[in-house]
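Undergrad: This is the structure, below, for whatever I ask next.
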Amino acid sequence: MDKINKKVVLISLGCAKNLVDSEYTIGMIKESGYVVVPYVDEADIAIINTCGFIQSAVEESIETILRIAEKKLNGKLIKLFVMGCLVQRYGYKLEQEIPEVDAWFGVGRVKDILFYLKDDFNAPSRVVIKEPCDSFRDLGYSRRIQSTPPWSAYLKIADGCSNRCSFCTIPSIKGPYRSRPFDLIISDAKGMAQNGVKEINIIAQDTTMYGVDTEGDYSIERLIEALAGIGGIRWIRLLYCHPWKIKDSLLNIINDYEIVCPYIDIPLQHVNTDILKRMGRYSEKINPYDLIEKIRSKSDDICIRTTMMVGFPGEGKKEFRELLDFIRWAEFDNLGAFIYSPEHGTRAYRFKDRVDERIARERLEELMTIQQEISLRKNRGKIGTVQEVLIEGESYDKDFPLQGRTVFMAPEVDGRVFIKADKKIEAGMMIPVMIKDATEYDLKGVIKVAK
């Protein structure tokens with residue numbers, strides 16, 4: 001296959017960490033001489049970067065593969081490649097079930113993808129899995145095609161995970177925790193700033209663990225301090241913090257540096273001691289109540305986001321009520337929740353006392369109803385305040401034609417600010433907005449005009 005003028009599209013599924021891998025993959029493909037296009041119908045070659053974390057993600061990935069495979073059968077595509085977590089987990093089984101895929105690649109196998117894209121690739125379907133690969137570990141930002149808006153980017157500081165939670169497939173898919181080189185991360189951030197990025201969102205499976213696997217005095221605290229000195233960056237946001245690894249020194253940095261968003265993402269998953277022990281997320285040093293009090297003692301303004309799981313094996317009425325009481329007490333600014341998914345290969349999959357799916361769904365609905373009430377009350381508390389808003393473009397609301405985010409809103413997972421504007425405001429601008437109204441998740445406001 002002659003690569004000259006061959007058009008390649010990459011479809012990225014799953015989390016932001018997966019998205020960064022996709023950005024590096026398509027960047028290296030373009031660097032190799034292929035034409036990158038945004039839509040499948042324009043492409044000769046399609047690559048799907050899959051997620052395989054839980055069954056709902058597995059189903060979405062398979063549905064996407066089948067949908068794109070149909071286009072290949074209809075003659076619209078020459079080649080179809082599939083990569084990522086789903087392949088690392090189920091690759092050899094998938095090869096037998098979906099023969100329309102020309103090659104399957106496990107985590108990080110971008111060099112293998114480039115090899116199979118070569119002119120002489122006419123072989124039958126292949127599976128290239130092996131161990132999770134660090135293809136992107138030493139690649140700089142210049143070799144990455146950013147797919148997020150130009151003013152906001154994800155900065156991935158590590159790959160893999162060594163926490164071994166009983167319900168999680170990530171360590172078996174991605175391998176152990178591996179920090180990216182400190183100097184390369186700083187170089188990446190400088191490249192982002194030079195390209196107009198105003199908001200950097202730090203991501204990893206566990207950002208608080210950064211540097212523990214390396215030689216030298218490297219830590220998430222030192223990394224944030226170095227990032228804070230880069231000119232042009234306005235917001236630095238920290239995501240995916242393991243709750244039991246949050247130190248006072250980290251909270252001090254969030255509180256002391258104006259450039260660091262007063263925002264912390266701590267996926268607690270549950271509060272009941274027995275459930276946390278079974279999850280492999282229990283700590284004798286600090287409990288969830290003490291953790292929230294410690295965070296808020298540093299700053300009343302800090303926004304706390306968490307994730308909760310309902311229906312984990314052993315969660316009875318008592319354990320669930322304890323979780324609801326904790327949520328009422330903690331009053332999280334942002335909260336996401338999901339139902340436990342039993343995954344083959346995890347320790348929790350062997351637990352016998354599973355919760356009925358109907359009961360788990362009822363619990364999820366009850367939990368989110370309580371959180372909606374909390375979120376509405378907190379958002380209404382912002383009415384009358386002036387918030388700096390990063391404008392992201394037009395909205396669907398004709399009365400509030402612009403939308404953006406405050407420093408308390410992470411991209412993709414949190415709410416929005418809908419803005420009434422009498423003048424043209426370009427996306428990427430950061431402007432003061434007077435908040436006039438609020439819903440459970442979103443705010444509404446008008447541009448604050450300087451007197």
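Here, A, B, ... name the chains of the structure tokens in the order displayed, residue numbers run from 1 inside each chain, and ligands are numbered from 1 in the same displayed order.
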Need the shell around Tyr24 of chain A: protein/DNA/RNA residues with any atom at most 7 Å away, counting only C-alpha atoms. Skip same-chain ones fewer than 4 positions apart. Format as a PyMOL selection string?

TA: chain A and resi 20+28+136+143-145

Undergrad: Any idea what's packed within 6 Å of segment 84-96 of chain A, counting only C-alpha atoms, ignoring anything in its chain fewer than 4 positions away? Could you give it as a ChimeraX atom specification?

TA: /A:49-52,106-107,129,173

Undergrad: What does the file look like for those residues with N, CA and C atoms, as a PDB file, in the first residue's frame?

TA:
ATOM      1  N   ASN A  49      -8.634   3.302  18.814  1.00  0.00           N
ATOM      2  CA  ASN A  49      -7.960   3.125  20.098  1.00  0.00           C
ATOM      3  C   ASN A  49      -9.026   2.835  21.143  1.00  0.00           C
ATOM      4  N   THR A  50      -9.033   1.639  21.668  1.00  0.00           N
ATOM      5  CA  THR A  50     -10.147   1.137  22.465  1.00  0.00           C
ATOM      6  C   THR A  50      -9.924   1.270  23.966  1.00  0.00           C
ATOM      7  N   CYS A  51     -11.027   1.148  24.695  1.00  0.00           N
ATOM      8  CA  CYS A  51     -11.020   1.068  26.152  1.00  0.00           C
ATOM      9  C   CYS A  51     -11.537  -0.313  26.548  1.00  0.00           C
ATOM     10  N   GLY A  52     -10.952  -0.898  27.587  1.00  0.00           N
ATOM     11  CA  GLY A  52     -11.405  -2.204  28.040  1.00  0.00           C
ATOM     12  C   GLY A  52     -11.491  -2.295  29.542  1.00  0.00           C
ATOM     13  N   GLY A 106      -1.760  -4.223  21.040  1.00  0.00           N
ATOM     14  CA  GLY A 106      -1.944  -3.973  22.457  1.00  0.00           C
ATOM     15  C   GLY A 106      -1.498  -2.575  22.858  1.00  0.00           C
ATOM     16  N   VAL A 107      -1.401  -2.348  24.143  1.00  0.00           N
ATOM     17  CA  VAL A 107      -1.111  -1.024  24.686  1.00  0.00           C
ATOM     18  C   VAL A 107       0.284  -0.549  24.280  1.00  0.00           C
ATOM     19  N   ILE A 129       0.461  -8.070  20.743  1.00  0.00           N
ATOM     20  CA  ILE A 129       0.103  -7.658  22.098  1.00  0.00           C
ATOM     21  C   ILE A 129       1.359  -7.507  22.959  1.00  0.00           C
ATOM     22  N   ILE A 173      -3.813  -4.631  32.503  1.00  0.00           N
ATOM     23  CA  ILE A 173      -3.836  -4.134  31.124  1.00  0.00           C
ATOM     24  C   ILE A 173      -2.652  -3.223  30.850  1.00  0.00           C
TER      25      ILE A 173
END

Undergrad: Given only C-alpha atoms, how would the per-residue table for segment 195-255 of chain A near segment 428-439 of chain A read, listing every residue at most 12 Å away with its closest atom pair and distance in Å to one decimal, sorted by chain and number, as JSON lines?

TA:
{"residue": "A:Gly196", "atom": "CA", "partner": "A:Gly428", "partner_atom": "CA", "distance": 8.9}
{"residue": "A:Val197", "atom": "CA", "partner": "A:Gly428", "partner_atom": "CA", "distance": 8.8}
{"residue": "A:Lys198", "atom": "CA", "partner": "A:Gly428", "partner_atom": "CA", "distance": 8.0}
{"residue": "A:Glu199", "atom": "CA", "partner": "A:Gly428", "partner_atom": "CA", "distance": 9.8}
{"residue": "A:Ile233", "atom": "CA", "partner": "A:Met430", "partner_atom": "CA", "distance": 11.9}
{"residue": "A:Arg234", "atom": "CA", "partner": "A:Met430", "partner_atom": "CA", "distance": 9.3}
{"residue": "A:Trp235", "atom": "CA", "partner": "A:Met430", "partner_atom": "CA", "distance": 10.7}

Undergrad: Do a neighbour search on Ile295 of chain A at 12 Å with only C-alpha atoms, toss out local chain neighbours closer than 4 positions, and write the hits as a PyMOL selection string.

TA: chain A and resi 243-244+246-255+262-266+288-291+299-305+330+332

Undergrad: Go ahead and write the residues just picked, C-alpha atoms, as a PDB file, in the first residue's frame.

TA:
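This went into selection28.pdb:
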ATOM      1  CA  PRO A 243      -7.077   9.751  48.408  1.00  0.00           C
ATOM      2  CA  TRP A 244      -4.655   8.158  50.867  1.00  0.00           C
ATOM      3  CA  ILE A 246      -2.541  13.327  49.500  1.00  0.00           C
ATOM      4  CA  LYS A 247       0.053  15.092  51.637  1.00  0.00           C
ATOM      5  CA  ASP A 248      -0.162  18.426  53.406  1.00  0.00           C
ATOM      6  CA  SER A 249       2.625  19.643  51.114  1.00  0.00           C
ATOM      7  CA  LEU A 250       0.429  19.025  48.063  1.00  0.00           C
ATOM      8  CA  LEU A 251      -2.523  20.838  49.601  1.00  0.00           C
ATOM      9  CA  ASN A 252      -0.245  23.748  50.500  1.00  0.00           C
ATOM     10  CA  ILE A 253       0.848  24.071  46.880  1.00  0.00           C
ATOM     11  CA  ILE A 254      -2.763  24.047  45.652  1.00  0.00           C
ATOM     12  CA  ASN A 255      -3.577  26.739  48.180  1.00  0.00           C
ATOM     13  CA  PRO A 262      -8.344  25.196  43.760  1.00  0.00           C
ATOM     14  CA  TYR A 263      -9.621  21.830  42.580  1.00  0.00           C
ATOM     15  CA  ILE A 264      -8.756  18.307  43.587  1.00  0.00           C
ATOM     16  CA  ASP A 265     -10.098  15.042  42.184  1.00  0.00           C
ATOM     17  CA  ILE A 266     -10.100  12.170  44.715  1.00  0.00           C
ATOM     18  CA  PRO A 288     -12.586   9.642  54.463  1.00  0.00           C
ATOM     19  CA  TYR A 289     -14.057  12.054  57.024  1.00  0.00           C
ATOM     20  CA  ASP A 290     -10.630  13.137  58.244  1.00  0.00           C
ATOM     21  CA  LEU A 291      -9.391  13.493  54.675  1.00  0.00           C
ATOM     22  CA  SER A 299      -8.934  26.354  52.031  1.00  0.00           C
ATOM     23  CA  ASP A 300     -12.680  26.895  52.184  1.00  0.00           C
ATOM     24  CA  ASP A 301     -12.679  27.647  48.456  1.00  0.00           C
ATOM     25  CA  ILE A 302     -11.205  24.376  47.224  1.00  0.00           C
ATOM     26  CA  CYS A 303     -13.457  22.356  44.924  1.00  0.00           C
ATOM     27  CA  ILE A 304     -13.506  18.637  45.716  1.00  0.00           C
ATOM     28  CA  ARG A 305     -14.534  16.124  43.082  1.00  0.00           C
ATOM     29  CA  ALA A 330     -19.147  15.982  52.792  1.00  0.00           C
ATOM     30  CA  PHE A 332     -18.894  17.385  47.355  1.00  0.00           C
TER      31      PHE A 332
END

Undergrad: Run DSSP on the backbone and tell me which residues of segment 260-363 of chain A come out as alpha helix (DSSP H); list them as number ranges by chain.

TA: A: 273-279, 288-298, 317-330, 357-363

Undergrad: The selected residues should be written to file as an mmCIF file, in the first residue's frame (atoms: N, CA and C atoms).

TA:
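The new file selection-v9.cif reads:
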data_model
loop_
_atom_site.group_PDB
_atom_site.id
_atom_site.type_symbol
_atom_site.label_atom_id
_atom_site.label_comp_id
_atom_site.auth_asym_id
_atom_site.auth_seq_id
_atom_site.Cartn_x
_atom_site.Cartn_y
_atom_site.Cartn_z
ATOM 1 N N THR A 273 -15.784 1.028 56.036
ATOM 2 C CA THR A 273 -14.467 0.424 56.263
ATOM 3 C C THR A 273 -14.357 -0.968 55.665
ATOM 4 N N ASP A 274 -15.372 -1.818 55.886
ATOM 5 C CA ASP A 274 -15.317 -3.186 55.361
ATOM 6 C C ASP A 274 -15.295 -3.202 53.837
ATOM 7 N N ILE A 275 -16.096 -2.337 53.214
ATOM 8 C CA ILE A 275 -16.119 -2.267 51.755
ATOM 9 C C ILE A 275 -14.768 -1.775 51.230
ATOM 10 N N LEU A 276 -14.212 -0.747 51.859
ATOM 11 C CA LEU A 276 -12.909 -0.225 51.429
ATOM 12 C C LEU A 276 -11.819 -1.285 51.565
ATOM 13 N N LYS A 277 -11.875 -2.094 52.625
ATOM 14 C CA LYS A 277 -10.898 -3.170 52.777
ATOM 15 C C LYS A 277 -11.031 -4.181 51.652
ATOM 16 N N ARG A 278 -12.257 -4.536 51.314
ATOM 17 C CA ARG A 278 -12.479 -5.504 50.241
ATOM 18 C C ARG A 278 -12.071 -4.936 48.883
ATOM 19 N N MET A 279 -12.198 -3.617 48.748
ATOM 20 C CA MET A 279 -11.775 -2.950 47.511
ATOM 21 C C MET A 279 -10.253 -2.826 47.418
ATOM 22 N N PRO A 288 -12.039 8.646 55.393
ATOM 23 C CA PRO A 288 -12.586 9.642 54.463
ATOM 24 C C PRO A 288 -13.035 10.930 55.128
ATOM 25 N N TYR A 289 -13.607 10.845 56.326
ATOM 26 C CA TYR A 289 -14.057 12.054 57.024
ATOM 27 C C TYR A 289 -12.868 12.957 57.351
ATOM 28 N N ASP A 290 -11.819 12.354 57.890
ATOM 29 C CA ASP A 290 -10.630 13.137 58.244
ATOM 30 C C ASP A 290 -9.983 13.745 57.004
ATOM 31 N N LEU A 291 -9.991 12.993 55.910
ATOM 32 C CA LEU A 291 -9.391 13.493 54.675
ATOM 33 C C LEU A 291 -10.102 14.745 54.184
ATOM 34 N N ILE A 292 -11.431 14.710 54.139
ATOM 35 C CA ILE A 292 -12.187 15.871 53.662
ATOM 36 C C ILE A 292 -11.962 17.067 54.587
ATOM 37 N N GLU A 293 -11.951 16.814 55.883
ATOM 38 C CA GLU A 293 -11.701 17.910 56.828
ATOM 39 C C GLU A 293 -10.301 18.486 56.643
ATOM 40 N N LYS A 294 -9.319 17.623 56.381
ATOM 41 C CA LYS A 294 -7.951 18.093 56.171
ATOM 42 C C LYS A 294 -7.863 18.967 54.925
ATOM 43 N N ILE A 295 -8.513 18.541 53.860
ATOM 44 C CA ILE A 295 -8.478 19.310 52.611
ATOM 45 C C ILE A 295 -9.126 20.673 52.817
ATOM 46 N N ARG A 296 -10.287 20.679 53.437
ATOM 47 C CA ARG A 296 -11.020 21.940 53.585
ATOM 48 C C ARG A 296 -10.397 22.845 54.657
ATOM 49 N N SER A 297 -9.599 22.273 55.546
ATOM 50 C CA SER A 297 -8.917 23.113 56.533
ATOM 51 C C SER A 297 -7.861 23.991 55.886
ATOM 52 N N LYS A 298 -7.382 23.564 54.721
ATOM 53 C CA LYS A 298 -6.382 24.349 53.999
ATOM 54 C C LYS A 298 -7.016 25.513 53.257
ATOM 55 N N LYS A 317 -27.744 -2.806 52.983
ATOM 56 C CA LYS A 317 -28.468 -1.555 53.266
ATOM 57 C C LYS A 317 -27.671 -0.670 54.221
ATOM 58 N N LYS A 318 -27.080 -1.281 55.238
ATOM 59 C CA LYS A 318 -26.322 -0.525 56.237
ATOM 60 C C LYS A 318 -25.144 0.201 55.589
ATOM 61 N N GLU A 319 -24.376 -0.508 54.777
ATOM 62 C CA GLU A 319 -23.201 0.076 54.135
ATOM 63 C C GLU A 319 -23.592 1.179 53.162
ATOM 64 N N PHE A 320 -24.709 0.971 52.447
ATOM 65 C CA PHE A 320 -25.161 1.984 51.499
ATOM 66 C C PHE A 320 -25.641 3.235 52.233
ATOM 67 N N ARG A 321 -26.366 3.062 53.334
ATOM 68 C CA ARG A 321 -26.843 4.223 54.106
ATOM 69 C C ARG A 321 -25.656 5.003 54.669
ATOM 70 N N GLU A 322 -24.620 4.293 55.039
ATOM 71 C CA GLU A 322 -23.411 4.965 55.532
ATOM 72 C C GLU A 322 -22.799 5.826 54.421
ATOM 73 N N LEU A 323 -22.824 5.310 53.208
ATOM 74 C CA LEU A 323 -22.313 6.074 52.070
ATOM 75 C C LEU A 323 -23.152 7.325 51.828
ATOM 76 N N LEU A 324 -24.479 7.179 51.879
ATOM 77 C CA LEU A 324 -25.351 8.339 51.675
ATOM 78 C C LEU A 324 -25.153 9.388 52.768
ATOM 79 N N ASP A 325 -25.016 8.941 54.000
ATOM 80 C CA ASP A 325 -24.788 9.882 55.104
ATOM 81 C C ASP A 325 -23.484 10.647 54.901
ATOM 82 N N PHE A 326 -22.480 9.955 54.418
ATOM 83 C CA PHE A 326 -21.191 10.603 54.168
ATOM 84 C C PHE A 326 -21.304 11.653 53.070
ATOM 85 N N ILE A 327 -22.025 11.335 52.008
ATOM 86 C CA ILE A 327 -22.193 12.287 50.908
ATOM 87 C C ILE A 327 -22.944 13.529 51.376
ATOM 88 N N ARG A 328 -23.967 13.319 52.197
ATOM 89 C CA ARG A 328 -24.695 14.472 52.756
ATOM 90 C C ARG A 328 -23.765 15.334 53.611
ATOM 91 N N TRP A 329 -22.916 14.682 54.375
ATOM 92 C CA TRP A 329 -21.999 15.411 55.253
ATOM 93 C C TRP A 329 -20.907 16.135 54.460
ATOM 94 N N ALA A 330 -20.296 15.433 53.510
ATOM 95 C CA ALA A 330 -19.147 15.982 52.792
ATOM 96 C C ALA A 330 -19.535 17.108 51.838
ATOM 97 N N GLU A 357 -28.550 -6.443 40.402
ATOM 98 C CA GLU A 357 -28.390 -5.294 39.505
ATOM 99 C C GLU A 357 -29.518 -4.278 39.665
ATOM 100 N N ARG A 358 -30.737 -4.753 39.868
ATOM 101 C CA ARG A 358 -31.862 -3.828 40.052
ATOM 102 C C ARG A 358 -31.667 -2.976 41.296
ATOM 103 N N ILE A 359 -31.218 -3.603 42.376
ATOM 104 C CA ILE A 359 -30.968 -2.871 43.624
ATOM 105 C C ILE A 359 -29.837 -1.864 43.423
ATOM 106 N N ALA A 360 -28.803 -2.283 42.722
ATOM 107 C CA ALA A 360 -27.671 -1.380 42.474
ATOM 108 C C ALA A 360 -28.113 -0.154 41.673
ATOM 109 N N ARG A 361 -28.980 -0.351 40.705
ATOM 110 C CA ARG A 361 -29.460 0.782 39.900
ATOM 111 C C ARG A 361 -30.310 1.729 40.755
ATOM 112 N N GLU A 362 -31.121 1.155 41.625
ATOM 113 C CA GLU A 362 -31.926 1.997 42.527
ATOM 114 C C GLU A 362 -31.020 2.805 43.452
ATOM 115 N N ARG A 363 -29.959 2.178 43.922
ATOM 116 C CA ARG A 363 -29.016 2.879 44.799
ATOM 117 C C ARG A 363 -28.311 4.008 44.053
#

Undergrad: What separation in Å, quoted to one decimal, exists between atom CA of Arg380 of chain A and atom CA of Phe418 of chain A?

TA: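 Computing the Euclidean distance for atom CA of Arg380 of chain A and atom CA of Phe418 of chain A yields 14.4 Å.
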
Undergrad: For segment 400-407 of chain A, please output as number ranges by chain all residues within 6 Å (counting only C-alpha atoms; exclusion window: fewer than 6 positions along the same chain).

TA: A: 261, 388-394, 416-420

Undergrad: Mind writing the picked residues with N, CA and C atoms as a compact mmCIF listing (two decimals), in the first residue's frame?

TA:
# COMPACT_ATOMS: atom_id res chain seq x y z
N CYS A 261 -5.25 25.46 40.08
CA CYS A 261 -6.69 25.53 40.33
C CYS A 261 -7.02 25.00 41.73
N GLU A 388 -14.15 33.99 36.85
CA GLU A 388 -13.38 33.99 35.59
C GLU A 388 -13.78 32.75 34.80
N VAL A 389 -14.11 32.94 33.54
CA VAL A 389 -14.61 31.84 32.70
C VAL A 389 -13.73 31.70 31.46
N LEU A 390 -13.32 30.48 31.20
CA LEU A 390 -12.61 30.14 29.97
C LEU A 390 -13.66 29.85 28.90
N ILE A 391 -13.77 30.73 27.92
CA ILE A 391 -14.80 30.60 26.88
C ILE A 391 -14.44 29.45 25.95
N GLU A 392 -15.43 28.56 25.71
CA GLU A 392 -15.18 27.39 24.86
C GLU A 392 -15.97 27.40 23.56
N GLY A 393 -16.82 28.40 23.37
CA GLY A 393 -17.53 28.48 22.10
C GLY A 393 -19.01 28.69 22.27
N GLU A 394 -19.75 28.41 21.20
CA GLU A 394 -21.19 28.61 21.20
C GLU A 394 -21.90 27.51 21.99
N ARG A 416 -21.02 23.43 33.09
CA ARG A 416 -20.65 24.53 32.20
C ARG A 416 -21.25 25.82 32.72
N VAL A 417 -20.72 26.93 32.21
CA VAL A 417 -21.30 28.24 32.42
C VAL A 417 -21.87 28.70 31.08
N PHE A 418 -23.16 29.02 31.07
CA PHE A 418 -23.81 29.54 29.87
C PHE A 418 -23.92 31.06 30.01
N ILE A 419 -23.51 31.76 28.96
CA ILE A 419 -23.27 33.20 29.08
C ILE A 419 -24.07 33.99 28.07
N LYS A 420 -24.71 35.05 28.56
CA LYS A 420 -25.40 36.01 27.70
C LYS A 420 -24.37 37.07 27.31

Undergrad: From the set A:Ala228, A:Met368, A:Leu66, A:Cys168, which residue has the shortest atom-to-atom contact distance to Met308 of chain A, counting only C-alpha atoms?

TA: A:Met368

Undergrad: Could you give me the residues within segment 27-267 of chain A that DSSP places in strand (DSSP E or B), as a ChimeraX atom specification?

TA: /A:35-36,45-50,79-84,103-105,126-128,152-156,158-159,178-179,199-203,235-238,260-265

Undergrad: Could those residues be written to a file, using N, CA and C atoms, as a compact mmCIF listing (two decimals), in the first residue's frame?

TA:
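Below is the file out_29.txt, written as the result:
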# COMPACT_ATOMS: atom_id res chain seq x y z
N VAL A 35 -1.64 11.09 5.45
CA VAL A 35 -2.53 12.23 5.59
C VAL A 35 -3.55 11.92 6.68
N VAL A 36 -3.64 12.78 7.67
CA VAL A 36 -4.58 12.57 8.78
C VAL A 36 -5.88 13.30 8.47
N ILE A 45 -7.73 4.32 5.71
CA ILE A 45 -7.32 3.46 6.82
C ILE A 45 -7.94 4.01 8.10
N ALA A 46 -8.57 3.15 8.88
CA ALA A 46 -9.13 3.55 10.17
C ALA A 46 -8.40 2.82 11.29
N ILE A 47 -8.10 3.57 12.36
CA ILE A 47 -7.49 2.99 13.56
C ILE A 47 -8.40 3.34 14.74
N ILE A 48 -8.74 2.34 15.54
CA ILE A 48 -9.59 2.56 16.71
C ILE A 48 -8.76 2.29 17.95
N ASN A 49 -8.63 3.30 18.81
CA ASN A 49 -7.96 3.12 20.10
C ASN A 49 -9.03 2.83 21.14
N THR A 50 -9.03 1.64 21.67
CA THR A 50 -10.15 1.14 22.47
C THR A 50 -9.92 1.27 23.97
N LYS A 79 -8.07 -0.59 5.01
CA LYS A 79 -7.55 -1.29 6.17
C LYS A 79 -8.25 -0.81 7.45
N LEU A 80 -8.36 -1.71 8.42
CA LEU A 80 -8.90 -1.38 9.74
C LEU A 80 -7.99 -1.98 10.79
N PHE A 81 -7.42 -1.12 11.63
CA PHE A 81 -6.57 -1.55 12.74
C PHE A 81 -7.27 -1.21 14.06
N VAL A 82 -7.05 -2.03 15.07
CA VAL A 82 -7.59 -1.78 16.41
C VAL A 82 -6.44 -1.87 17.41
N MET A 83 -6.39 -0.93 18.34
CA MET A 83 -5.30 -0.86 19.31
C MET A 83 -5.84 -0.62 20.72
N GLY A 84 -4.95 -0.69 21.70
CA GLY A 84 -5.29 -0.22 23.04
C GLY A 84 -5.73 -1.29 24.04
N ALA A 103 -5.39 -5.90 11.71
CA ALA A 103 -4.36 -6.14 12.73
C ALA A 103 -4.82 -5.56 14.06
N TRP A 104 -4.40 -6.23 15.13
CA TRP A 104 -4.76 -5.84 16.49
C TRP A 104 -3.49 -5.52 17.25
N PHE A 105 -3.47 -4.40 17.98
CA PHE A 105 -2.26 -3.97 18.68
C PHE A 105 -2.57 -3.66 20.14
N ARG A 126 -3.31 -10.02 12.08
CA ARG A 126 -2.26 -10.28 13.06
C ARG A 126 -2.64 -9.69 14.41
N VAL A 127 -2.12 -10.30 15.47
CA VAL A 127 -2.30 -9.77 16.81
C VAL A 127 -0.92 -9.46 17.39
N VAL A 128 -0.71 -8.20 17.73
CA VAL A 128 0.56 -7.78 18.34
C VAL A 128 0.24 -7.25 19.73
N SER A 152 -6.77 24.25 25.82
CA SER A 152 -6.79 23.30 26.93
C SER A 152 -6.18 21.98 26.50
N ALA A 153 -5.33 21.41 27.37
CA ALA A 153 -4.67 20.15 27.01
C ALA A 153 -4.47 19.29 28.24
N TYR A 154 -4.35 17.98 28.00
CA TYR A 154 -4.03 17.04 29.06
C TYR A 154 -2.52 16.79 29.07
N LEU A 155 -1.95 16.79 30.27
CA LEU A 155 -0.53 16.52 30.45
C LEU A 155 -0.40 15.20 31.21
N LYS A 156 -0.05 14.16 30.48
CA LYS A 156 0.05 12.82 31.07
C LYS A 156 1.44 12.64 31.68
N ALA A 158 2.38 9.90 33.76
CA ALA A 158 2.76 8.51 34.05
C ALA A 158 1.80 7.57 33.35
N ASP A 159 2.17 6.32 33.31
CA ASP A 159 1.29 5.29 32.77
C ASP A 159 1.30 4.10 33.72
N ARG A 178 4.58 3.79 35.92
CA ARG A 178 5.82 4.23 35.30
C ARG A 178 5.75 5.73 35.06
N SER A 179 6.55 6.49 35.79
CA SER A 179 6.56 7.95 35.65
C SER A 179 7.30 8.35 34.37
N GLU A 199 -4.82 26.16 29.77
CA GLU A 199 -5.22 25.25 30.85
C GLU A 199 -4.55 23.91 30.66
N ILE A 200 -3.77 23.50 31.67
CA ILE A 200 -3.13 22.19 31.66
C ILE A 200 -3.81 21.32 32.72
N ASN A 201 -4.26 20.14 32.31
CA ASN A 201 -4.90 19.19 33.21
C ASN A 201 -3.97 18.00 33.39
N ILE A 202 -3.42 17.86 34.60
CA ILE A 202 -2.45 16.81 34.89
C ILE A 202 -3.18 15.50 35.11
N ILE A 203 -2.77 14.46 34.36
CA ILE A 203 -3.44 13.17 34.46
C ILE A 203 -2.44 12.02 34.58
N TRP A 235 -4.10 28.15 34.09
CA TRP A 235 -4.68 27.20 35.03
C TRP A 235 -3.91 25.88 34.97
N ILE A 236 -3.56 25.34 36.13
CA ILE A 236 -3.02 23.99 36.24
C ILE A 236 -3.97 23.21 37.13
N ARG A 237 -4.53 22.14 36.59
CA ARG A 237 -5.55 21.38 37.34
C ARG A 237 -5.02 19.96 37.59
N LEU A 238 -5.23 19.47 38.80
CA LEU A 238 -4.75 18.15 39.20
C LEU A 238 -5.90 17.16 39.26
N VAL A 260 -2.42 27.39 40.23
CA VAL A 260 -2.93 26.03 40.45
C VAL A 260 -4.40 26.12 40.84
N CYS A 261 -5.25 25.46 40.08
CA CYS A 261 -6.69 25.53 40.33
C CYS A 261 -7.02 25.00 41.73
N PRO A 262 -7.90 25.70 42.45
CA PRO A 262 -8.34 25.20 43.76
C PRO A 262 -9.33 24.05 43.55
N TYR A 263 -8.80 22.95 43.06
CA TYR A 263 -9.62 21.83 42.58
C TYR A 263 -8.82 20.56 42.81
N ILE A 264 -9.45 19.57 43.40
CA ILE A 264 -8.76 18.31 43.59
C ILE A 264 -9.74 17.16 43.34
N ASP A 265 -9.28 16.18 42.60
CA ASP A 265 -10.10 15.04 42.18
C ASP A 265 -9.63 13.81 42.96

Undergrad: To one decimal place in Å, what is the distance between atom CA of Ile230 of chain A and atom CA of Thr306 of chain A?

TA: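 Computing the Euclidean distance for atom CA of Ile230 of chain A and atom CA of Thr306 of chain A yields 28.5 Å.
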
Undergrad: Find the distance between atom CA of Val310 of chain A and atom CA of Val355 of chain A and write it in Å to one decimal.

TA: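 Between these atoms lies a distance of 9.0 Å.
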